[in-house]
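Report on one structure; see the data block that follows.
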Number of protein chains: 4
Amino acid sequence: MSFNTFGRLFRFTTWGESHGPAIGCVVDGVPPRIPLAELDIQRHLDRRRPGTSRFVTQRREPDQVKILSGVFEGQTTGTPVSLLIDNVDQRPKDYSDIASKYRPGHADFTYDRKYGIRDYRGGGRASARETAARVAAGAIARKILGNSVEVRGALVQVGDRKINPTLWDWAEVSRNSFFCPDAKAAKDWESYLDEVRTNGSSVGAVVEISASGVPAGWGAPVYGKVDAELAAAMMSINAVKGVEVGAGFAAARLTGAENSDEMRSASEGSTEFLSNHAGGILGGISTGQEIVVRFAVKPTSSVPTPKRTIDVDGHDTEVATKGRHDPCVGIRAVPVGEAMMACVLADHMLLHRGQVG
Amino acid sequence: MSFNTFGRLFRFTTWGESHGPAIGCVVDGVPPRIPLAELDIQRHLDRRRPGTSRFVTQRREPDQVKILSGVFEGQTTGTPVSLLIDNVDQRPKDYSDIASKYRPGHADFTYDRKYGIRDYRGGGRASARETAARVAAGAIARKILGNSVEVRGALVQVGDRKINPTLWDWAEVSRNSFFCPDAKAAKDWESYLDEVRTNGSSVGAVVEISASGVPAGWGAPVYGKVDAELAAAMMSINAVKGVEVGAGFAAARLTGAENSDEMRSASEGSTEFLSNHAGGILGGISTGQEIVVRFAVKPTSSVPTPKRTIDVDGHDTEVATKGRHDPCVGIRAVPVGEAMMACVLADHMLLHRGQVG
Amino acid sequence: MSFNTFGRLFRFTTWGESHGPAIGCVVDGVPPRIPLAELDIQRHLDRRRPGTSRFVTQRREPDQVKILSGVFEGQTTGTPVSLLIDNVDQRPKDYSDIASKYRPGHADFTYDRKYGIRDYRGGGRASARETAARVAAGAIARKILGNSVEVRGALVQVGDRKINPTLWDWAEVSRNSFFCPDAKAAKDWESYLDEVRTNGSSVGAVVEISASGVPAGWGAPVYGKVDAELAAAMMSINAVKGVEVGAGFAAARLTGAENSDEMRSASEGSTEFLSNHAGGILGGISTGQEIVVRFAVKPTSSVPTPKRTIDVDGHDTEVATKGRHDPCVGIRAVPVGEAMMACVLADHMLLHRGQVG
Amino acid sequence: MSFNTFGRLFRFTTWGESHGPAIGCVVDGVPPRIPLAELDIQRHLDRRRPGTSRFVTQRREPDQVKILSGVFEGQTTGTPVSLLIDNVDQRPKDYSDIASKYRPGHADFTYDRKYGIRDYRGGGRASARETAARVAAGAIARKILGNSVEVRGALVQVGDRKINPTLWDWAEVSRNSFFCPDAKAAKDWESYLDEVRTNGSSVGAVVEISASGVPAGWGAPVYGKVDAELAAAMMSINAVKGVEVGAGFAAARLTGAENSDEMRSASEGSTEFLSNHAGGILGGISTGQEIVVRFAVKPTSSVPTPKRTIDVDGHDTEVATKGRHDPCVGIRAVPVGEAMMACVLADHMLLHRGQVG
């Protein structure tokens with residue numbers, strides 16, 4: 001219900017600015033007696049961390065997480081888990097220019113119009129740095145979901161270059177710098193993004209997140225639909241401009257006979273679907289199939305080419321961004337999208353248990 | 001926060017099943033002293049009503065709304081507005097077959113897996129009939145927004161047939177049966193959908209909703225972003241599988257220089273944007289430009305062709321749907337999408353006023 | 001979270017004014033497959049109904065409840081249960097005088113100061129009539145709690161006349177017009193309240209509500225404490241001015257050694273407490289003992305003696321109330337308090353199941 | 001909505017255990033451009049701090065607050081304010097005994113029954129240490145309320161010794177160790193509490209909190225009543241067992257004519273009430289009079305006398321508490337109660353502005 005809180009029963013509240021002393025989150029509603037150590041969270045943070053390759057921002061942040069509460073003798077206690085990540089590499093001088101000018105495509109202008117004040121250092125609260133806190137919360141959500149639910153993500157398009165879905169190999173995702181499941185596409189993106197990077201340009205991307213092992217029955221009508229909450233979750237990630245579930249926008253071009261997923265009985269009373277246009281969700285409730293969500297990430301607006309804009313006094317001017325930025329911010333959005341998927345599912349797991357038992 | 005409630009300060013709770021005695025909603029948080037009559041709501045309900053053309057379901061529902069509370073001597077009092085719409089044309093026999101079989105692409109299977117019980121008559125709570133309550137709530141949201149904010153919608157794609165955006169004419173929208181802003185496309189769709197209809201088939205569609213006159217500054221970081229809430233709002237509408245804001249998925253193919261909207265100072269201290277790839281939202285906060293959202297609607301899954309499925313006992317069977325259905329359910333989604341846009345904006349108008357004054 | 005909504009997982013939203021066409025509520029989050037009929041609700045409404053004795057208001061309302069949704073073939077479906085109660089005996093002329101004058105002790109003045117408008121007929125939304133909707137919601141809450149939890153209430157003080165706790169007999173409660181558990185006190189109150197009534201006066205009261213059979217472990221720190229939510233629940237009832245749990249205000253006079261409830265092991269691994277100063281709650285979580293709450297109800301402010309006040313234009317004037325009112329509004333508060341206790345407990349039962357499983 | 005979150009528009013989430021590395025809170029919904037420094041918060045924390053006199057716990061905690069986010073160049077930015085207070089004086093050995101035994105009157109037993117695990121060091125999350133975070137949040141709430149609203153508290157009863165209300169002097173409150181407004185009572189309590197303290201005993205207390213300068217119109221029917229939320233706020237404080245508003249439980253003994261507060265027109269269109277039995281709230285909405293709340297605090301259950309109890313294996317045993325505890329925990333509850341009053345009012349100030357403008 002709050003501006004900086006996500007979720008209902010499993011819920012987290014994030015705080016912190018890009019160049020403040022630290023960022024963090026408070027994760028509430030965690031079931032008790034779940035083994036939890038900082039390492040469980042750290043390994044996910046390490047996947048999102050800046051500076052891991054030349055294709056992401058070169059800001060040097062170790063992103064070391066500290067658990068300040070809610071864990072006792074290695075187990076969650078059911079009370080709020082407070083997580084803190086110190087900001088280390090702040091270099092405020094990198095950003096001095098943007099104090100007086102609004103960068104096109106950034107939230108500078110809107111924050112000022114809303115609040116009449118903004119922490120302009122590194123984008124302040126609007127910085128993608130906030131997503132570290134989401135990844136930390138998501139790591140706890142994964143522990144709640146347990147081993148039977150697997151949440152994974154991949155980059156499936158960079159600029160106008162899509163992967164070949166028939167070459168999809170999950171093992172490939174951890175072998176390249178792009179979370180790309182198609183080894184051939186990854187190779188192609190490497191040279192493409194090197195070109196983008198050296199030109200000081202940036203490109204958009206499409207990310208796909210899936211969850212397998214979700215039982216049928218999670219979610220709820222009408223405003224508690226899993227897909228509605230996944231849409232909000234993904235759209236709340238910085239730079240995301242579109243979200244789709246299953247066949248998504250392609251469903252608009254299909255007929256009802258083509259789009260509906262037929263069913264057959266399978267072994268031991270389970271149900272088999274003959275296709276998955278629904279993306280694992282019908283009527284807002286999970287079908288037991290793989291849940292599949294894709295989202296579009298716009299290109300970073302921080303580019304070194306001077307762009308027309310206005311200054312804080314309303315006068316015409318130009319601005320170019322010289323800071324350390326991601327040539328394709330969609331890459332680091334993969335672990336963030338995974339985290340948001342895990343958080344939505346953990347919440348619905350608890351909500352379902354609450355109402356239905 | 002609840003399964004059947006939408007919104008924060010301006011919030012509504014809907015209830016009712018397709019073939020129960022009535023449906024309705026309770027709208028809470030309405031500011032006082034707003035003139036409100038049943039007619040203000042009725043005229044929006046009439047646009048969504050079934051049976052208005054041969055391209056939508058032939059169920060005969062007058063959808064007459066009654067205001068049961070919250071209005072005194074023609075004005076809102078600040079207390080909850082309860083709205084009730086009787087169900088008139090129920091014909092339960094049309095649906096007798098689906099009591100024992102799960103229709104592919106419908107929520108029959110998931111409701112049963114979740115709740116262990118379902119009101120199978122006409123889809124029960126999962127019926128698109130629920131959207132009448134949204135339209136009613138949206139009519140009140142429009143009154144809160146006042147005349148300076150205009151929320152409008154149009155159908156921009158049916159099956160694989162898109163409108164020509166250069167022919168966009170808002171006046172055209174009310175002249176055809178499709179809410180189509182392109183007279184030429186409307187003509188084309190007429191013959192196309194007649195064919196779909198007589199074949200007993202159905203097709204998907206894409207709807208675009210826009211809001212003009214929204215001042216800069218509504219919305220909020222990080223989980224209270226206007227676009228995140230619009231995404232949830234649209235995705236919660238029956239049959240919607242994708243949502244995008246501004247350039248949306250197309251932004252993935254652009255460079256940062258192309259995608260970011262440059263700014264210039266305009267008359268009297270206002271700001272002009274030279275493009276609107278952002279769709280009127282940056283960092284989750286309105287820019288003052290037109291807010292633009294599109295969503296994809298899947299084709300109705302109710303088709304007369306027999307489809308493979310299972311029955312409630314888990315045995316393989318087939319099912320065909322004989323009821324009265326929309327050949328393109330996306331048509332009637334236009335006023336529903338408008339309503340959801342209005343509700344999200346009214347809520348954020350109040351939230352902004354609450355926090356910032 | 002809303003002004004007219006109570007609860008989290010089990011939650012209800014009430015609507016309606018004293019002299020509008022109807023009042024009602026929408027109950028959301030109800031677990032599925034619970035047998036529910038209108039009669040289950042009606043029998044609780046009948047206990048709160050006006051006109052049952054000469055000691056309560058003589059307004060004639062049958063308070064017939066209708067279930068409009070959420071129940072199918074006699075069982076809850078997990079979707080919202082909409083309940084409607086028609087207003088029958090409205091007699092608007094009884095209240096014509098109060099349109100222009102603020103009755104002392106009523107919400108007339110504050111509603112006008114807040115909203116700038118009020119439905120003055122019978123107190124509008126501030127009327128105790130709203131509590132019928134609570135009782136209806138509470139009847140559903142009882143069904144969720146099941147037979148192992150018993151929620152009961154009694155009137156323990158009228159004016160300055162208290163019951164003798166050693167004479168407490170639950171069977172007595174249904175035998176007199178006061179929900180009084182002490183036959184002797186009930187006899188005394190009868191003549192006392194006859195005097196109050198014929199004098200056109202009114203008196204306050206104290207109500208005690210208890211719940212037995214609640215297992216240890218419901219509730220939650222720190223702002224989700226059962227006692228905090230019971231306090232809000234009871235204080236939200238019209239005319240309530242104080243709430244206490246267990247020893248309550250008397251605990252202020254005790255020492256730590258006197259007040260803390262010692263424990264012993266009991267049969268089959270259960271725990272026995274040697275006293276119940278805690279009122280069944282420690283640290284916001286149920287102990288397994290009886291939960292005991294008391295609340296003070298102020299005397300009805302509607303009295304026929306002229307009282308000094310101002311009119312809507314701010315001028316000094318006097319007002320006397322001629323309507324049909326309760327000489328002791330605390331009597332009918334007993335079933336209302338029971339309902340609120342049941343609602344809080346049902347919510348916490350689901351919340352506990354959600355988090356802890 | 002969450003277990004560890006309080007409030008709606010102005011809301012805070014607290015975290016931390018008594019003997020963890022730190023405690024803190026995240027305060028969300030703060031309006032922008034409010035001057036805020038750590039000193040603004042520190043001066044309130046210093047009033048609640050342990051070790052300030054011999055009548056409160058001798059634990060040595062400097063309670064130094066750090067602002068980690070949401071403030072830029074001395075002003076709030078509208079984004080979440082994260083506050084952190086390090087735990088310094090933990091002495092875990094003081095508490096080693098309670099790991100295996102449930103202290104009567106403490107939350108040890110209920111936490112274990114609920115979660116199956118508890119951080120037994122110093123009471124863990126159930127420790128009164130959590131209230132430091134409330135006081136910190138309350139300091140920000142005061143800044144939102146501004147100078148026109150004054151929130152003050154006083155201790156009005158210790159054990160069975162009440163102050164003499166006719167001697168009430170606010171200036172006296174800061175001159176003694178008890179927040180006592182009656183110099184004579186303070187003198188009496190000094191010797192009384194010295195006796196209690198040297199006996200290793202403890203006593204309960206009653207605290208009164210008032211707010212002046214609140215305009216008429218804050219609050220809302222029916223479940224958003226200011227008094228209902230104040231009741232929850234106060235009852236959520238550790239050891240509180242009763243709450244009353246205005247005349248409170250005494251109202252039960254009055255007649256309607258006695259209890260209702262008459263009104264007269266006053267200078268410049270304002271309204272004067274001739275008494276304040278309502279405690280400044282009618283129908284859940286502020287009247288413009290002083291808001292007055294009282295709450296009862298039970299005696300600390302930590303006493304050195306051995307008490308009968310069970311151990312974690314369910315066997316009968318005895319336990320005595322040797323730690324550093326408050327002989328009258330009600331004393332330090334005064335600044336906590338003030339903080340909760342400030343938080344409720346700040347929230348309702350924003351909520352009122354949101355709905356009514």
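Letters A, B, ... go to the chains of the structure tokens in the order shown; residues in each chain start at 1; ligands are counted from 1 in the same order.
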
- Query: Can you list, as a PyMOL selection string, every protein, DNA or RNA residue that comes within 7 Å of A:Ala346 when you count only C-alpha atoms, leaving out same-chain residues fewer than 2 positions away?
  - Reply: chain A and resi 10+141+144-145+342-344+348-350

Could those selected residues go to a file with N, CA and C atoms, as a short mmCIF file (atom, residue, chain, number, x, y, z; two decimals), in the first residue's frame?
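Result went into again-v3.cif, see below:
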```
data_model
loop_
_atom_site.label_atom_id
_atom_site.label_comp_id
_atom_site.auth_asym_id
_atom_site.auth_seq_id
_atom_site.Cartn_x
_atom_site.Cartn_y
_atom_site.Cartn_z
N PHE A 10 3.94 -11.58 2.29
CA PHE A 10 5.39 -11.45 2.14
C PHE A 10 5.60 -10.08 1.54
N ALA A 141 12.73 -14.59 -0.77
CA ALA A 141 11.52 -15.17 -1.37
C ALA A 141 11.81 -16.57 -1.92
N ILE A 144 11.70 -19.13 0.72
CA ILE A 144 10.32 -19.45 1.11
C ILE A 144 9.71 -20.42 0.11
N LEU A 145 9.96 -20.17 -1.16
CA LEU A 145 9.39 -21.03 -2.21
C LEU A 145 9.96 -22.45 -2.13
N ALA A 342 10.07 -14.07 -7.94
CA ALA A 342 10.13 -14.86 -6.71
C ALA A 342 9.30 -14.20 -5.60
N CYS A 343 9.37 -12.88 -5.52
CA CYS A 343 8.63 -12.17 -4.47
C CYS A 343 7.12 -12.29 -4.67
N VAL A 344 6.66 -12.13 -5.91
CA VAL A 344 5.23 -12.26 -6.19
C VAL A 344 4.76 -13.67 -5.85
N HIS A 348 2.07 -14.99 -2.98
CA HIS A 348 0.85 -15.74 -3.32
C HIS A 348 0.83 -17.13 -2.71
N MET A 349 1.99 -17.69 -2.50
CA MET A 349 2.04 -18.97 -1.78
C MET A 349 1.45 -18.79 -0.37
N LEU A 350 1.86 -17.73 0.30
CA LEU A 350 1.36 -17.48 1.66
C LEU A 350 -0.11 -17.07 1.64
#
```

message = Contacts from chain A to chain C, 6 Å maximum, only C-alpha atoms: show me the residue list as a PyMOL selection string.
response = chain A and resi 31+350-351+353-356

Can you write just those residues out, N, CA and C atoms, as a short mmCIF file (atom, residue, chain, number, x, y, z; two decimals), in the first residue's frame?
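Okay, out01.cif is ready:
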```cif
data_model
loop_
_atom_site.label_atom_id
_atom_site.label_comp_id
_atom_site.auth_asym_id
_atom_site.auth_seq_id
_atom_site.Cartn_x
_atom_site.Cartn_y
_atom_site.Cartn_z
N PRO A 31 8.10 -16.55 6.85
CA PRO A 31 7.81 -17.67 7.74
C PRO A 31 9.02 -18.00 8.62
N LEU A 350 1.86 -17.73 0.30
CA LEU A 350 1.36 -17.48 1.66
C LEU A 350 -0.11 -17.07 1.64
N LEU A 351 -0.49 -16.24 0.68
CA LEU A 351 -1.89 -15.80 0.58
C LEU A 351 -2.81 -16.99 0.33
N ARG A 353 -2.23 -20.12 1.10
CA ARG A 353 -2.27 -20.91 2.33
C ARG A 353 -3.17 -20.25 3.36
N GLY A 354 -3.13 -18.91 3.41
CA GLY A 354 -3.96 -18.18 4.36
C GLY A 354 -5.44 -18.40 4.09
N GLN A 355 -5.84 -18.23 2.84
CA GLN A 355 -7.28 -18.32 2.57
C GLN A 355 -7.77 -19.75 2.47
N VAL A 356 -7.00 -20.60 1.80
CA VAL A 356 -7.51 -21.93 1.48
C VAL A 356 -6.94 -23.02 2.40
#
```

Computed gap from atom CA of C:Lys298 to atom CA of C:Ala205 is 6.7 Å

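In this structure, atom CA of C:Ala133 sits 28.3 Å away from atom CA of B:Ala128.
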
Report task. Run DSSP on the backbone and grab whatever in stretch 66-293 of chain D lands in strand (DSSP E or B); send it over as a PyMOL selection string. Result -> chain D and resi 66-67+71-72+75-76+81-86+101+150-158+161-162+203+205-212+219+240-245+255+263-265+271-273+281-282+285-286+291-293

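Residue nearest D:Leu274, chosen from D:Thr300, D:Gln75, D:Thr317, D:Gln289 and counting only C-alpha atoms: D:Gln289.
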
List the neighbours of C:Gln58 out to 9 Å using only C-alpha atoms; skip same-chain residues closer than 6 positions along the sequence, and give me the result as a short mmCIF file (atom, residue, chain, number, x, y, z; two decimals) with all heavy atoms, in the first residue's frame.
```cif
data_model
loop_
_atom_site.label_atom_id
_atom_site.label_comp_id
_atom_site.auth_asym_id
_atom_site.auth_seq_id
_atom_site.Cartn_x
_atom_site.Cartn_y
_atom_site.Cartn_z
N PRO C 50 -33.33 -3.60 16.27
CA PRO C 50 -34.08 -2.66 17.12
C PRO C 50 -35.48 -3.19 17.39
O PRO C 50 -35.97 -4.07 16.69
CB PRO C 50 -34.13 -1.39 16.27
CG PRO C 50 -33.93 -1.82 14.86
CD PRO C 50 -33.10 -3.08 14.91
N GLY C 51 -36.09 -2.67 18.44
CA GLY C 51 -37.49 -2.97 18.70
C GLY C 51 -37.74 -4.28 19.40
O GLY C 51 -38.89 -4.72 19.52
N THR C 52 -36.70 -4.93 19.90
CA THR C 52 -36.91 -6.23 20.53
C THR C 52 -37.39 -6.12 21.98
O THR C 52 -37.92 -7.06 22.54
CB THR C 52 -35.61 -7.06 20.51
OG1 THR C 52 -34.57 -6.25 21.08
CG2 THR C 52 -35.23 -7.46 19.10
N ARG C 324 -36.66 8.18 18.04
CA ARG C 324 -36.74 6.91 18.76
C ARG C 324 -35.33 6.45 19.07
O ARG C 324 -34.57 6.11 18.17
CB ARG C 324 -37.43 5.88 17.85
CG ARG C 324 -38.80 6.31 17.40
CD ARG C 324 -39.16 5.62 16.09
NE ARG C 324 -38.28 6.06 15.00
CZ ARG C 324 -38.24 5.50 13.80
NH1 ARG C 324 -39.02 4.50 13.52
NH2 ARG C 324 -37.41 5.94 12.88
N HIS C 325 -34.96 6.43 20.32
CA HIS C 325 -33.57 6.11 20.64
C HIS C 325 -33.45 5.08 21.75
O HIS C 325 -34.39 4.80 22.48
CB HIS C 325 -32.81 7.39 20.99
CG HIS C 325 -32.70 8.29 19.81
ND1 HIS C 325 -31.85 8.04 18.77
CD2 HIS C 325 -33.38 9.42 19.48
CE1 HIS C 325 -32.01 8.98 17.85
NE2 HIS C 325 -32.92 9.82 18.24
N ASP C 326 -32.24 4.59 21.89
CA ASP C 326 -31.94 3.59 22.91
C ASP C 326 -31.67 4.28 24.24
O ASP C 326 -30.72 5.05 24.33
CB ASP C 326 -30.69 2.81 22.52
CG ASP C 326 -30.83 2.03 21.21
OD1 ASP C 326 -30.63 2.66 20.15
OD2 ASP C 326 -31.13 0.85 21.27
#
```

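Computed from the coordinates, the atom CA of C:Leu254 to atom CA of C:Thr287 distance equals 20.7 Å.
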
| task | Would you list, as number ranges by chain, the residues of stretch 98-159 of chain B that end up in helix (DSSP H, G or I) under DSSP run on this structure's backbone? | result | B: 98-99, 108-115, 121-126, 128-145

Exercise. Write out as a ChimeraX atom specification the residues lying within 7 Å of C:Met263, counting only C-alpha atoms and excluding same-chain residues fewer than 5 positions away.
Key: /C:271-274 /D:104,308-310

Could you write those residues out with all heavy atoms, as a JSON list (two decimals), in the first residue's frame?
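So the final result, stored in selection.json, reads:
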```json
[["chain", "number", "residue", "atom", "x", "y", "z"],
["C", 271, "THR", "N", -0.69, -26.60, 28.47],
["C", 271, "THR", "CA", -0.21, -25.70, 29.49],
["C", 271, "THR", "C", -1.39, -25.10, 30.23],
["C", 271, "THR", "O", -2.38, -24.71, 29.61],
["C", 271, "THR", "CB", 0.61, -24.56, 28.84],
["C", 271, "THR", "OG1", 1.66, -25.15, 28.08],
["C", 271, "THR", "CG2", 1.17, -23.62, 29.87],
["C", 272, "GLU", "N", -1.26, -25.01, 31.53],
["C", 272, "GLU", "CA", -2.32, -24.40, 32.33],
["C", 272, "GLU", "C", -1.79, -23.10, 32.92],
["C", 272, "GLU", "O", -0.66, -23.04, 33.41],
["C", 272, "GLU", "CB", -2.71, -25.36, 33.45],
["C", 272, "GLU", "CG", -3.87, -24.89, 34.29],
["C", 272, "GLU", "CD", -4.03, -25.74, 35.57],
["C", 272, "GLU", "OE1", -3.18, -26.65, 35.79],
["C", 272, "GLU", "OE2", -4.96, -25.47, 36.34],
["C", 273, "PHE", "N", -2.57, -22.04, 32.83],
["C", 273, "PHE", "CA", -2.22, -20.78, 33.48],
["C", 273, "PHE", "C", -2.99, -20.71, 34.79],
["C", 273, "PHE", "O", -4.16, -21.09, 34.85],
["C", 273, "PHE", "CB", -2.58, -19.60, 32.59],
["C", 273, "PHE", "CG", -1.67, -19.44, 31.41],
["C", 273, "PHE", "CD1", -1.89, -20.14, 30.23],
["C", 273, "PHE", "CD2", -0.59, -18.58, 31.47],
["C", 273, "PHE", "CE1", -1.04, -20.00, 29.15],
["C", 273, "PHE", "CE2", 0.27, -18.43, 30.39],
["C", 273, "PHE", "CZ", 0.03, -19.14, 29.23],
["C", 274, "LEU", "N", -2.34, -20.20, 35.82],
["C", 274, "LEU", "CA", -2.98, -20.18, 37.15],
["C", 274, "LEU", "C", -3.83, -18.93, 37.35],
["C", 274, "LEU", "O", -4.49, -18.78, 38.38],
["C", 274, "LEU", "CB", -1.90, -20.31, 38.22],
["C", 274, "LEU", "CG", -0.98, -21.54, 38.05],
["C", 274, "LEU", "CD1", 0.02, -21.64, 39.19],
["C", 274, "LEU", "CD2", -1.80, -22.83, 37.94],
["D", 104, "PRO", "N", 6.79, -15.90, 33.19],
["D", 104, "PRO", "CA", 5.37, -15.50, 33.27],
["D", 104, "PRO", "C", 5.19, -14.03, 32.93],
["D", 104, "PRO", "O", 6.02, -13.19, 33.29],
["D", 104, "PRO", "CB", 5.01, -15.77, 34.74],
["D", 104, "PRO", "CG", 5.97, -16.84, 35.18],
["D", 104, "PRO", "CD", 7.25, -16.54, 34.43],
["D", 308, "ARG", "N", 6.30, -19.69, 39.42],
["D", 308, "ARG", "CA", 6.06, -20.99, 38.81],
["D", 308, "ARG", "C", 5.90, -20.86, 37.29],
["D", 308, "ARG", "O", 5.20, -19.96, 36.82],
["D", 308, "ARG", "CB", 4.79, -21.61, 39.39],
["D", 308, "ARG", "CG", 4.97, -22.13, 40.79],
["D", 308, "ARG", "CD", 3.66, -22.58, 41.40],
["D", 308, "ARG", "NE", 2.79, -21.43, 41.65],
["D", 308, "ARG", "CZ", 1.54, -21.53, 42.14],
["D", 308, "ARG", "NH1", 1.03, -22.72, 42.40],
["D", 308, "ARG", "NH2", 0.82, -20.45, 42.35],
["D", 309, "THR", "N", 6.52, -21.75, 36.57],
["D", 309, "THR", "CA", 6.38, -21.72, 35.11],
["D", 309, "THR", "C", 6.72, -23.09, 34.55],
["D", 309, "THR", "O", 6.88, -24.07, 35.30],
["D", 309, "THR", "CB", 7.28, -20.63, 34.49],
["D", 309, "THR", "OG1", 6.92, -20.50, 33.11],
["D", 309, "THR", "CG2", 8.76, -21.00, 34.60],
["D", 310, "ILE", "N", 6.81, -23.17, 33.22],
["D", 310, "ILE", "CA", 7.25, -24.42, 32.59],
["D", 310, "ILE", "C", 8.49, -24.11, 31.75],
["D", 310, "ILE", "O", 8.76, -22.95, 31.42],
["D", 310, "ILE", "CB", 6.14, -25.04, 31.69],
["D", 310, "ILE", "CG1", 5.71, -24.05, 30.59],
["D", 310, "ILE", "CG2", 4.95, -25.45, 32.53],
["D", 310, "ILE", "CD1", 4.83, -24.67, 29.53]]
```

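Once A:Phe72 and its same-chain neighbours fewer than 2 positions away are set aside, Ser69, Gly70, Gly74, Gln75, Thr76 and Thr77 of chain A; Ile117, Arg118 and Asp119 of chain D remain within 9 Å of it when counting only C-alpha atoms.
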
For stretch 337-340 of chain B, please output as a PyMOL selection string all residues within 9 Å (counting only C-alpha atoms; exclusion window: fewer than 6 positions along the same chain). chain B and resi 44+134-139+141-142+151-153+207-211+230+233-234+237+295

Please save C-alpha atoms of the selected residues as a short mmCIF file (atom, residue, chain, number, x, y, z; two decimals), in the first residue's frame.
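Saved the output as result.cif:
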```
data_model
loop_
_atom_site.label_atom_id
_atom_site.label_comp_id
_atom_site.auth_asym_id
_atom_site.auth_seq_id
_atom_site.Cartn_x
_atom_site.Cartn_y
_atom_site.Cartn_z
CA HIS B 44 -20.42 4.81 -19.45
CA ARG B 134 -15.19 -1.40 -13.01
CA VAL B 135 -16.83 0.85 -15.56
CA ALA B 136 -19.20 2.11 -12.88
CA ALA B 137 -16.31 2.85 -10.52
CA GLY B 138 -14.44 4.49 -13.38
CA ALA B 139 -17.33 6.87 -13.99
CA ALA B 141 -13.15 8.39 -10.92
CA ARG B 142 -13.74 10.63 -13.95
CA VAL B 151 -9.44 9.70 -20.56
CA ARG B 152 -10.17 8.10 -23.93
CA GLY B 153 -9.70 4.69 -25.52
CA VAL B 207 -6.57 -1.48 -27.13
CA GLU B 208 -4.96 1.92 -26.57
CA ILE B 209 -5.98 4.16 -23.68
CA SER B 210 -4.73 7.71 -23.25
CA ALA B 211 -5.17 10.44 -20.68
CA LEU B 230 -1.55 0.98 -14.77
CA ALA B 233 -4.91 -2.35 -13.65
CA MET B 234 -4.95 -3.37 -17.30
CA ILE B 237 -8.97 -7.09 -16.95
CA PHE B 295 -2.88 -3.72 -23.90
#
```

Notebook entry, point to check: Between C:Lys225, C:Ala232, C:Tyr111, C:His277, which has the minimum distance to C:Ala250 (counting only C-alpha atoms)?
Noted result: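 Counting only C-alpha atoms, the residue closest to C:Ala250 is C:His277.
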
All residues 9 Å or closer to C:Arg161, only C-alpha atoms, same chain fewer than 5 positions away omitted, as a tab-separated table (two decimals) with N, CA, C and O atoms, in the first residue's frame:
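Result file is part_23.tsv:
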```tsv
chain	number	residue	atom	x	y	z
C	156	VAL	N	-21.99	-5.95	31.44
C	156	VAL	CA	-21.53	-6.16	32.83
C	156	VAL	C	-21.72	-4.92	33.70
C	156	VAL	O	-21.48	-4.97	34.91
C	185	ALA	N	-28.81	-8.80	38.84
C	185	ALA	CA	-28.54	-7.48	38.26
C	185	ALA	C	-29.57	-7.15	37.17
C	185	ALA	O	-30.03	-6.01	37.04
C	188	ASP	N	-32.63	-5.78	38.65
C	188	ASP	CA	-32.36	-4.41	39.11
C	188	ASP	C	-32.33	-3.43	37.94
C	188	ASP	O	-32.90	-2.35	37.99
C	189	TRP	N	-31.65	-3.81	36.86
C	189	TRP	CA	-31.53	-2.92	35.69
C	189	TRP	C	-32.89	-2.62	35.08
C	189	TRP	O	-33.11	-1.56	34.52
C	205	ALA	N	-22.69	2.18	29.60
C	205	ALA	CA	-22.62	0.77	29.97
C	205	ALA	C	-21.22	0.24	29.70
C	205	ALA	O	-20.40	0.89	29.05
D	253	ARG	N	-20.77	5.66	33.36
D	253	ARG	CA	-21.56	5.99	34.57
D	253	ARG	C	-22.37	7.28	34.42
D	253	ARG	O	-23.07	7.67	35.35
```
